[in-house]
>>> print(open('run11.pdb').read())   # PDB, C-alpha atoms and all ligand atoms
ATOM      1  CA  MET A 974     -79.713-238.709 234.002  1.00  0.00           C
ATOM      2  CA  SER A 975     -83.065-240.195 234.946  1.00  0.00           C
ATOM      3  CA  GLU A 976     -86.234-238.184 234.651  1.00  0.00           C
ATOM      4  CA  THR A 977     -87.511-236.729 237.911  1.00  0.00           C
ATOM      5  CA  ASP A 978     -90.793-238.263 239.010  1.00  0.00           C
ATOM      6  CA  PRO A 979     -92.824-235.488 240.705  1.00  0.00           C
ATOM      7  CA  SER A 980     -94.768-237.865 242.965  1.00  0.00           C
ATOM      8  CA  ALA A 981     -91.600-239.658 244.037  1.00  0.00           C
ATOM      9  CA  GLU A 982     -89.929-236.338 244.780  1.00  0.00           C
ATOM     10  CA  ALA A 983     -92.945-235.239 246.827  1.00  0.00           C
ATOM     11  CA  ALA A 984     -92.836-238.517 248.745  1.00  0.00           C
ATOM     12  CA  LYS A 985     -89.281-237.649 249.768  1.00  0.00           C
ATOM     13  CA  GLY A 986     -90.579-234.395 251.228  1.00  0.00           C
ATOM     14  CA  ARG A 987     -89.395-232.227 248.369  1.00  0.00           C
ATOM     15  CA  ALA A 988     -91.227-229.326 246.827  1.00  0.00           C
ATOM     16  CA  PRO A 989     -90.879-228.146 243.238  1.00  0.00           C
ATOM     17  CA  LEU A 990     -88.955-224.957 242.649  1.00  0.00           C
ATOM     18  CA  TRP A 991     -89.312-223.207 239.340  1.00  0.00           C
ATOM     19  CA  LEU A 992     -86.652-220.747 238.371  1.00  0.00           C
ATOM     20  CA  ASP A 993     -85.634-218.961 235.199  1.00  0.00           C
ATOM     21  CA  PRO A 994     -82.690-220.583 233.415  1.00  0.00           C
ATOM     22  CA  GLU A 995     -80.602-217.503 234.175  1.00  0.00           C
ATOM     23  CA  ASP A 996     -81.384-217.858 237.886  1.00  0.00           C
ATOM     24  CA  LEU A 997     -80.519-221.560 237.771  1.00  0.00           C
ATOM     25  CA  ARG A 998     -77.254-220.754 236.030  1.00  0.00           C
ATOM     26  CA  TRP A 999     -76.410-218.210 238.689  1.00  0.00           C
ATOM     27  CA  LEU A1000     -77.395-220.559 241.481  1.00  0.00           C
ATOM     28  CA  SER A1001     -75.420-223.468 240.086  1.00  0.00           C
ATOM     29  CA  ARG A1002     -72.285-221.324 240.161  1.00  0.00           C
ATOM     30  CA  HIS A1003     -72.938-219.374 243.303  1.00  0.00           C
ATOM     31  CA  CYS A1004     -71.120-220.382 246.442  1.00  0.00           C
ATOM     32  CA  CYS A1005     -71.423-218.041 249.373  1.00  0.00           C
ATOM     33  CA  CYS A1006     -69.937-220.310 252.030  1.00  0.00           C
ATOM     34  CA  PRO A1007     -67.701-218.472 254.458  1.00  0.00           C
ATOM     35  CA  VAL A1008     -64.214-219.903 254.830  1.00  0.00           C
ATOM     36  CA  ASP A1009     -65.230-221.324 258.191  1.00  0.00           C
ATOM     37  CA  ALA A1010     -68.476-222.901 256.953  1.00  0.00           C
ATOM     38  CA  SER A1011     -69.431-226.151 258.643  1.00  0.00           C
ATOM     39  CA  GLU A1012     -69.487-229.414 256.707  1.00  0.00           C
ATOM     40  CA  GLU A1013     -73.285-229.274 256.876  1.00  0.00           C
ATOM     41  CA  GLU A1014     -73.346-225.819 255.286  1.00  0.00           C
ATOM     42  CA  LYS A1015     -70.945-226.839 252.556  1.00  0.00           C
ATOM     43  CA  ASP A1016     -72.934-230.022 251.945  1.00  0.00           C
ATOM     44  CA  ARG A1017     -76.139-228.041 251.583  1.00  0.00           C
ATOM     45  CA  CYS A1018     -74.509-225.494 249.319  1.00  0.00           C
ATOM     46  CA  GLY A1019     -73.080-228.229 247.111  1.00  0.00           C
ATOM     47  CA  ARG A1020     -76.426-230.032 246.987  1.00  0.00           C
ATOM     48  CA  VAL A1021     -78.325-226.903 245.977  1.00  0.00           C
ATOM     49  CA  ARG A1022     -75.791-226.009 243.304  1.00  0.00           C
ATOM     50  CA  PHE A1023     -75.763-229.564 241.990  1.00  0.00           C
ATOM     51  CA  ARG A1024     -79.557-229.632 241.701  1.00  0.00           C
ATOM     52  CA  ALA A1025     -79.638-226.226 240.048  1.00  0.00           C
ATOM     53  CA  GLY A1026     -77.121-227.462 237.508  1.00  0.00           C
ATOM     54  CA  ALA A1027     -79.115-230.664 236.949  1.00  0.00           C
ATOM     55  CA  ALA A1028     -82.338-228.697 236.433  1.00  0.00           C
ATOM     56  CA  LEU A1029     -80.574-226.405 234.019  1.00  0.00           C
ATOM     57  CA  HIS A1030     -79.146-229.372 232.134  1.00  0.00           C
ATOM     58  CA  LYS A1031     -82.597-230.927 231.875  1.00  0.00           C
ATOM     59  CA  HIS A1032     -84.040-227.632 230.648  1.00  0.00           C
ATOM     60  CA  GLY A1033     -81.362-227.450 227.964  1.00  0.00           C
ATOM     61  CA  GLN A1034     -82.207-230.946 226.763  1.00  0.00           C
ATOM     62  CA  SER A1035     -85.893-230.154 226.336  1.00  0.00           C
ATOM     63  CA  HIS A1036     -85.259-227.368 223.803  1.00  0.00           C
TER      64      HIS A1036
HETATM   65 ZN    ZN A1101     -71.184-222.343 249.163  1.00  0.00          ZN
END
>>> encode(input="run11.pdb", output="structure tokens")
Amino acid sequence: MSETDPSAEAAKGRAPLWLDPEDLRWLSRHCCCPVDASEEEKDRCGRVRFRAGAALHKHGQSH
């Protein structure tokens, strides 16, 4: 996995989000989509959980 470049992320309109590892772990596993969630909702949920998992993975590598 490539290192995240803060300036490149900011250029894409993203903002940093710092969470405790336990919160990231929860977030990476948490899906609250209703059964009738739209594709957009499920996409967003999957994206957030993927990024939480990636951040957690990165955190684990730095210790
Ligand atoms: Zn979900």
>>> residues_near_ligand(input="run11.pdb", ligand="ligand ZN 1101 (chain A)", cutoff="9 Å", atoms="only C-alpha atoms and all ligand atoms", output="list of chain:residue names")
A:His1003, A:Cys1004, A:Cys1005, A:Cys1006, A:Pro1007, A:Ala1010, A:Glu1014, A:Lys1015, A:Asp1016, A:Arg1017, A:Cys1018, A:Gly1019, A:Arg1022
>>> axis_aligned_box(input="run11.pdb", around="range 997-1011 of chain A", padding_each_side="5 Å", output="AutoDock Vina command-line options")
--center_x -72.4 --center_y -222.1 --center_z 247.3 --size_x 26.3 --size_y 18.1 --size_z 32.6
>>> resolve_selection(input="run11.pdb", expression="the PyMOL selection byres (((chain A and resi 1024) around 12) and not hetatm)", output="list in words")
Met974, Thr977, Pro989, Leu990, Trp991, Leu992, Leu997, Arg998, Leu1000, Ser1001, Arg1002, Arg1017, Cys1018, Gly1019, Arg1020, Val1021, Arg1022, Phe1023, Ala1025, Gly1026, Ala1027, Ala1028, Leu1029, His1030 and Lys1031 of chain A
>>> atom_distance(input="run11.pdb", atom1="CA of Asp996 in chain A", atom2="CA of Gln1034 in chain A")
17.2 Å
>>> atom_distance(input="run11.pdb", atom1="CA of Asp978 in chain A", atom2="CA of Pro994 in chain A")
20.2 Å
>>> build_atoms(input="run11.pdb", residues="range 989-1011 of chain A", atoms="N, CA and C atoms", output="mmCIF file, in the coordinates of the input")
data_model
loop_
_atom_site.group_PDB
_atom_site.id
_atom_site.type_symbol
_atom_site.label_atom_id
_atom_site.label_comp_id
_atom_site.auth_asym_id
_atom_site.auth_seq_id
_atom_site.Cartn_x
_atom_site.Cartn_y
_atom_site.Cartn_z
ATOM 1 N N PRO A 989 -91.417 -228.656 244.504
ATOM 2 C CA PRO A 989 -90.879 -228.146 243.238
ATOM 3 C C PRO A 989 -90.462 -226.688 243.367
ATOM 4 N N LEU A 990 -89.441 -226.337 242.654
ATOM 5 C CA LEU A 990 -88.955 -224.957 242.649
ATOM 6 C C LEU A 990 -88.697 -224.576 241.199
ATOM 7 N N TRP A 991 -89.465 -223.622 240.731
ATOM 8 C CA TRP A 991 -89.312 -223.207 239.340
ATOM 9 C C TRP A 991 -88.563 -221.906 239.253
ATOM 10 N N LEU A 992 -87.482 -221.941 238.515
ATOM 11 C CA LEU A 992 -86.652 -220.747 238.371
ATOM 12 C C LEU A 992 -86.337 -220.520 236.896
ATOM 13 N N ASP A 993 -86.062 -219.278 236.562
ATOM 14 C CA ASP A 993 -85.634 -218.961 235.199
ATOM 15 C C ASP A 993 -84.272 -219.611 234.963
ATOM 16 N N PRO A 994 -83.996 -219.988 233.725
ATOM 17 C CA PRO A 994 -82.690 -220.583 233.415
ATOM 18 C C PRO A 994 -81.530 -219.718 233.881
ATOM 19 N N GLU A 995 -81.686 -218.393 233.742
ATOM 20 C CA GLU A 995 -80.602 -217.503 234.175
ATOM 21 C C GLU A 995 -80.389 -217.589 235.684
ATOM 22 N N ASP A 996 -81.497 -217.735 236.429
ATOM 23 C CA ASP A 996 -81.384 -217.858 237.886
ATOM 24 C C ASP A 996 -80.737 -219.190 238.247
ATOM 25 N N LEU A 997 -81.115 -220.243 237.516
ATOM 26 C CA LEU A 997 -80.519 -221.560 237.771
ATOM 27 C C LEU A 997 -79.023 -221.527 237.493
ATOM 28 N N ARG A 998 -78.665 -220.843 236.400
ATOM 29 C CA ARG A 998 -77.254 -220.754 236.030
ATOM 30 C C ARG A 998 -76.468 -220.040 237.127
ATOM 31 N N TRP A 999 -77.060 -218.961 237.614
ATOM 32 C CA TRP A 999 -76.410 -218.210 238.689
ATOM 33 C C TRP A 999 -76.276 -219.086 239.935
ATOM 34 N N LEU A 1000 -77.375 -219.748 240.269
ATOM 35 C CA LEU A 1000 -77.395 -220.559 241.481
ATOM 36 C C LEU A 1000 -76.394 -221.711 241.401
ATOM 37 N N SER A 1001 -76.314 -222.320 240.228
ATOM 38 C CA SER A 1001 -75.420 -223.468 240.086
ATOM 39 C C SER A 1001 -73.954 -223.070 240.249
ATOM 40 N N ARG A 1002 -73.670 -221.778 240.055
ATOM 41 C CA ARG A 1002 -72.285 -221.324 240.161
ATOM 42 C C ARG A 1002 -72.010 -220.540 241.437
ATOM 43 N N HIS A 1003 -73.085 -220.251 242.158
ATOM 44 C CA HIS A 1003 -72.938 -219.374 243.303
ATOM 45 C C HIS A 1003 -72.598 -220.133 244.583
ATOM 46 N N CYS A 1004 -71.478 -219.822 245.142
ATOM 47 C CA CYS A 1004 -71.120 -220.382 246.442
ATOM 48 C C CYS A 1004 -70.847 -219.221 247.366
ATOM 49 N N CYS A 1005 -71.608 -219.155 248.443
ATOM 50 C CA CYS A 1005 -71.423 -218.041 249.373
ATOM 51 C C CYS A 1005 -70.959 -218.554 250.736
ATOM 52 N N CYS A 1006 -70.402 -219.762 250.761
ATOM 53 C CA CYS A 1006 -69.937 -220.310 252.030
ATOM 54 C C CYS A 1006 -68.776 -219.482 252.573
ATOM 55 N N PRO A 1007 -68.858 -219.142 253.844
ATOM 56 C CA PRO A 1007 -67.701 -218.472 254.458
ATOM 57 C C PRO A 1007 -66.566 -219.489 254.580
ATOM 58 N N VAL A 1008 -65.361 -218.992 254.751
ATOM 59 C CA VAL A 1008 -64.214 -219.903 254.830
ATOM 60 C C VAL A 1008 -64.344 -220.875 256.000
ATOM 61 N N ASP A 1009 -65.089 -220.446 257.035
ATOM 62 C CA ASP A 1009 -65.230 -221.324 258.191
ATOM 63 C C ASP A 1009 -66.580 -222.039 258.222
ATOM 64 N N ALA A 1010 -67.187 -222.222 257.025
ATOM 65 C CA ALA A 1010 -68.476 -222.901 256.953
ATOM 66 C C ALA A 1010 -68.354 -224.329 257.482
ATOM 67 N N SER A 1011 -69.436 -224.784 258.125
ATOM 68 C CA SER A 1011 -69.431 -226.151 258.643
ATOM 69 C C SER A 1011 -69.594 -227.125 257.479
#
